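*Asks:* My questions all concern the structure below.
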Amino acid sequence: MLSNIPYLVVVALMVIGLYIILFKRNLIKLAMGITLLETGVNLFLITLAYRHGEVLHAPVFTSMILRNDTTFSLPTPHALTLTSIVIGVATTALLLTFFMQLYRKFKVSTTDDLRRLRG
Amino acid sequence: MINNGFKLAALLLLAGFLTFAVWNLREFGEPGEKADNDVVLYNAEDNTTLTLDRTAMDDFMLDHSQDGSSTDEDVLENGPSANNAVTAVVFDYRGFDTMGEATVLFAAVSGVLVSLRIALPPKEKKGGDA
Amino acid sequence: MERMSPVVRTVVKIAFAPMFAFGAYIILHGHLTPGGGFQGGAIIGSLMALYLVAFGATAWKKKLLSGLESGGLLVFIGTGILGLVSGLMFYNFLADSDIPIFNEAVPTMLGYTHSNWAPLWTGGTISVMNLAVGIEVIAGLTLIVITMGLFAFEGKEGG
């Protein structure tokens with residue numbers, strides 16, 4: 001049970017992101033909360049790629065001399081994290097574009113003003 | 001209206017669920033070992049068996065990411081032939097994910113360009129309606 | 001909107017070339033060291049954001065950047081479909097073949113199975129796809145930054 005503490009750090013990041021999304025009303029703070037939640041998910045994917053060993057290398061073959069007890073970390077979660085980061089960038093760019101257009105056209109900067117626009 | 005009590009209850013429920021899920025995950029740093037049972041295929045026409053050696057997926061990708069072309073018939077002809085195992089996984093073994101990701105980036109850039117168009121000044125044809 | 005001071009403008013002009021070379025190094029050596037198309041493209045995209053902050057937003061060659069972005073994505077998908085000729089999609093048909101683009105084999109050291117150096121000309125279709133994705137990410141991030149900058153500064157001058 002004590003060995004799963006790195007996963008608890010990931011849960012802490014995600015809970016802080018969820019708290020910001022639920023309790024804050026400013027639109028820019030909402031975007032920051034969504035980015036924090038996505039960062040927590042990326043950290044979780046990287047935490048899954050660890051492997052115990054005496055000498056741990058990144059999964060890149062350079063001109064080092066391997067010994068008998070070298071282990072490499074798993075390369076597949078690193079690939080999934082790369083995809084997730086790029087998709088997070090795309091989502092954040094579109095989200096901020098919509099917030100900029102909302103402010104320019106309707107003078108809306110909190111979610112309460114956004115509710116007033118309905119109907 | 002949703003007041004603060006509901007929000008706090010939802011947040012605590014989600015935090016508890018995430019902690020429970022993470023507690024019972026596999027141990028940190030011990031991924032699955034190599035599989036120790038082989039898959040045996042039986043060919044009924046020739047009465048021969050073929051034994052496939054099943055190892056863990058990431059060990060296979062680490063072992064074979066430097067292959068060029070091979071002369072063995074059982075192995076695929078051309079490997080990734082890259083020294084970087086992560087690049088071999090991203091562009092060769094999982095190329096469809098990268099294709100989808102590049103398309104998502106393209107779609108996001110197109111969406112930003114469409115949303116932020118600068119309006120042209122009004123044309124002169126309204127001047128004739130005076 | 002007043003301009004930035006001459007110190008900022010001169011430093012950005014001096015530091016543009018080394019930073020661009022660093023990003024291009026990371027894109028080009030994607031199959032030998034950690035890095036690749038997406039990482040190098042993000043570095044050069046942030047360099048373009050620095051250029052925008054120092055010099056102001058101008059509508060700089062939007063059609064060329066848009067064409068580069070579409071071209072990058074098409075080269076990536078086309079290289080994947082070209083692999084269908086000899087079997088599967090995304091098949092590495094350039095490794096150890098007669099086509100003289102990125103076709104060297106990774107040399108193995110005697111006695112070791114996994115540790116060696118490799119020259120730049122290995123990689124096969126992985127290096128081609130690295131370059132295509134790098135160009136696409138550079139053009140995409142530059143377009144986003146220029147469009148947002150033009151939108152933000154347009155209201156201030158118009159009033």
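Numbering starts fresh at 1 for the residues of each chain in the structure tokens, the chains themselves are lettered A, B, ... in the order given, and ligands are numbered from 1 as they appear.
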Give me, as a ChimeraX atom specification, the contact residues of chain B against chain C at a cut-off of 7 Å, counting only C-alpha atoms.
*Replies:* /B:66,68-69,78-84,87,91-92,95,102,109,112-113,116,118
*Asks:* Could you write those residues out with C-alpha atoms, as a PDB file, in the first residue's frame?
*Replies:*
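Heads up, here's the output in part_12.pdb:
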```
ATOM      1  CA  GLN B  66      16.613  -1.700 -34.401  1.00  0.00           C
ATOM      2  CA  GLY B  68      16.371  -3.400 -40.682  1.00  0.00           C
ATOM      3  CA  SER B  69      15.317  -6.043 -43.149  1.00  0.00           C
ATOM      4  CA  ASN B  78      11.404  -4.655 -42.469  1.00  0.00           C
ATOM      5  CA  GLY B  79      11.598  -3.390 -38.914  1.00  0.00           C
ATOM      6  CA  PRO B  80      11.629   0.221 -37.784  1.00  0.00           C
ATOM      7  CA  SER B  81      15.455   0.455 -37.910  1.00  0.00           C
ATOM      8  CA  ALA B  82      15.616   3.323 -35.419  1.00  0.00           C
ATOM      9  CA  ASN B  83      17.750   3.676 -32.319  1.00  0.00           C
ATOM     10  CA  ASN B  84      14.997   5.448 -30.434  1.00  0.00           C
ATOM     11  CA  THR B  87       9.995   7.009 -32.073  1.00  0.00           C
ATOM     12  CA  PHE B  91       5.677   6.181 -36.007  1.00  0.00           C
ATOM     13  CA  ASP B  92       5.879   2.507 -36.852  1.00  0.00           C
ATOM     14  CA  GLY B  95       1.257   4.858 -36.727  1.00  0.00           C
ATOM     15  CA  ALA B 102      -1.911  15.074 -36.693  1.00  0.00           C
ATOM     16  CA  VAL B 109      -5.859  25.102 -36.358  1.00  0.00           C
ATOM     17  CA  VAL B 112      -9.128  28.795 -34.795  1.00  0.00           C
ATOM     18  CA  LEU B 113      -8.698  30.357 -38.235  1.00  0.00           C
ATOM     19  CA  LEU B 116     -11.207  34.610 -35.503  1.00  0.00           C
ATOM     20  CA  ILE B 118     -11.658  39.878 -38.924  1.00  0.00           C
TER      21      ILE B 118
END
```
*Asks:* Per DSSP on the backbone, filter chain A down to the residues in alpha helix (DSSP H) and report them as a PyMOL selection string.
*Replies:* chain A and resi 5-23+27-47+76-106+111-116
*Asks:* Identify, on the basis of only C-alpha atoms, every residue whose closest approach to stretch 30-38 of chain A does not exceed 6 Å; exclude the query and any residue fewer than 3 positions from it along the same chain; express the result as a count of residues only.
*Replies:* 6
*Asks:* Quick check: residues of chain B within 9 Å of chain A, only C-alpha atoms, returned as a PDB file with C-alpha atoms, in the first residue's frame.
*Replies:*
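Result file is part_30.pdb:
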```pdb
ATOM      1  CA  ASN B   4     -22.137  24.618  -2.911  1.00  0.00           C
ATOM      2  CA  LYS B   7     -20.594  20.567  -5.647  1.00  0.00           C
ATOM      3  CA  LEU B   8     -18.617  19.624  -2.554  1.00  0.00           C
ATOM      4  CA  LEU B  11     -15.989  16.498  -5.580  1.00  0.00           C
ATOM      5  CA  LEU B  12     -15.495  14.335  -2.484  1.00  0.00           C
ATOM      6  CA  LEU B  14     -14.936  11.645  -7.193  1.00  0.00           C
ATOM      7  CA  ALA B  15     -11.828  12.057  -5.048  1.00  0.00           C
ATOM      8  CA  LEU B  18     -10.086   7.939  -7.690  1.00  0.00           C
ATOM      9  CA  THR B  19      -8.181   7.127  -4.499  1.00  0.00           C
ATOM     10  CA  VAL B  22      -5.416   3.974  -7.542  1.00  0.00           C
ATOM     11  CA  TRP B  23      -4.981   2.041  -4.295  1.00  0.00           C
ATOM     12  CA  ASN B  24      -5.845  -1.242  -5.939  1.00  0.00           C
ATOM     13  CA  LEU B  25      -3.805  -0.710  -9.073  1.00  0.00           C
ATOM     14  CA  ARG B  26      -0.823  -2.900  -9.714  1.00  0.00           C
ATOM     15  CA  GLU B  27       2.290  -2.199  -7.730  1.00  0.00           C
ATOM     16  CA  PHE B  28       4.320   0.816  -8.805  1.00  0.00           C
ATOM     17  CA  GLY B  29       7.315  -0.280 -10.839  1.00  0.00           C
ATOM     18  CA  GLU B  30       6.392  -3.875 -11.497  1.00  0.00           C
ATOM     19  CA  PRO B  31       4.859  -4.193 -14.927  1.00  0.00           C
ATOM     20  CA  MET B  57       4.511  -6.146 -25.706  1.00  0.00           C
ATOM     21  CA  ASP B  58       7.026  -3.555 -24.567  1.00  0.00           C
ATOM     22  CA  ASP B  59       9.876  -6.050 -24.436  1.00  0.00           C
ATOM     23  CA  MET B  61       9.188  -3.397 -29.053  1.00  0.00           C
ATOM     24  CA  LEU B  62      12.502  -2.839 -27.279  1.00  0.00           C
ATOM     25  CA  GLN B  66      16.613  -1.700 -34.401  1.00  0.00           C
ATOM     26  CA  ALA B  82      15.616   3.323 -35.419  1.00  0.00           C
ATOM     27  CA  ASN B  83      17.750   3.676 -32.319  1.00  0.00           C
ATOM     28  CA  ASN B  84      14.997   5.448 -30.434  1.00  0.00           C
ATOM     29  CA  ALA B  85      12.391   2.987 -29.194  1.00  0.00           C
ATOM     30  CA  VAL B  86       9.812   5.700 -28.492  1.00  0.00           C
ATOM     31  CA  THR B  87       9.995   7.009 -32.073  1.00  0.00           C
ATOM     32  CA  VAL B  89       6.570   2.964 -31.307  1.00  0.00           C
ATOM     33  CA  VAL B  90       5.029   6.303 -32.273  1.00  0.00           C
ATOM     34  CA  ARG B  94       1.352   2.762 -33.588  1.00  0.00           C
ATOM     35  CA  ASP B  97      -2.594   7.003 -33.492  1.00  0.00           C
ATOM     36  CA  THR B  98      -0.092   9.535 -34.815  1.00  0.00           C
ATOM     37  CA  GLU B 101      -3.289  13.133 -33.725  1.00  0.00           C
ATOM     38  CA  ALA B 102      -1.911  15.074 -36.693  1.00  0.00           C
ATOM     39  CA  VAL B 104      -6.783  16.625 -34.750  1.00  0.00           C
ATOM     40  CA  LEU B 105      -4.080  19.304 -34.705  1.00  0.00           C
ATOM     41  CA  PHE B 106      -4.958  20.285 -38.268  1.00  0.00           C
ATOM     42  CA  ALA B 107      -8.661  20.483 -37.394  1.00  0.00           C
ATOM     43  CA  ALA B 108      -7.956  22.654 -34.338  1.00  0.00           C
ATOM     44  CA  VAL B 109      -5.859  25.102 -36.358  1.00  0.00           C
ATOM     45  CA  GLY B 111     -11.190  25.951 -36.221  1.00  0.00           C
ATOM     46  CA  VAL B 112      -9.128  28.795 -34.795  1.00  0.00           C
ATOM     47  CA  SER B 115     -13.506  31.616 -35.541  1.00  0.00           C
ATOM     48  CA  LEU B 116     -11.207  34.610 -35.503  1.00  0.00           C
TER      49      LEU B 116
END
```
*Asks:* For chain A, which residue among C:Ile14, C:Ala42, C:Ile27, C:Leu50 is the nearest when counting only C-alpha atoms?
*Replies:*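 Among the listed residues, C:Ala42 lies closest to chain A.
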*Asks:* Using DSSP assignments from the backbone, pull out every residue in chain A that falls under strand (DSSP E or B) and give it to me as an MDAnalysis selection string.
*Replies:* chainID A and resid 26 55:57 60 70:72 110
*Asks:* Using Å and a single decimal, report how far atom CA of C:Ile99 sits from atom CA of C:Ser86.
*Replies:*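 Rounded to one decimal, the two atoms are 14.1 Å apart.
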*Asks:* Can you pull out every residue within 9 Å of C:Val53, counting only C-alpha atoms, but drop anything in the same chain fewer than 5 positions away, and send it as a PDB file with C-alpha atoms, in the first residue's frame?
*Replies:*
```
ATOM      1  CA  MET C   4       9.275  47.239 -27.706  1.00  0.00           C
ATOM      2  CA  MET C  48       7.526  32.363 -33.340  1.00  0.00           C
ATOM      3  CA  GLY C 149      -2.247  38.387 -32.211  1.00  0.00           C
TER       4      GLY C 149
END
```
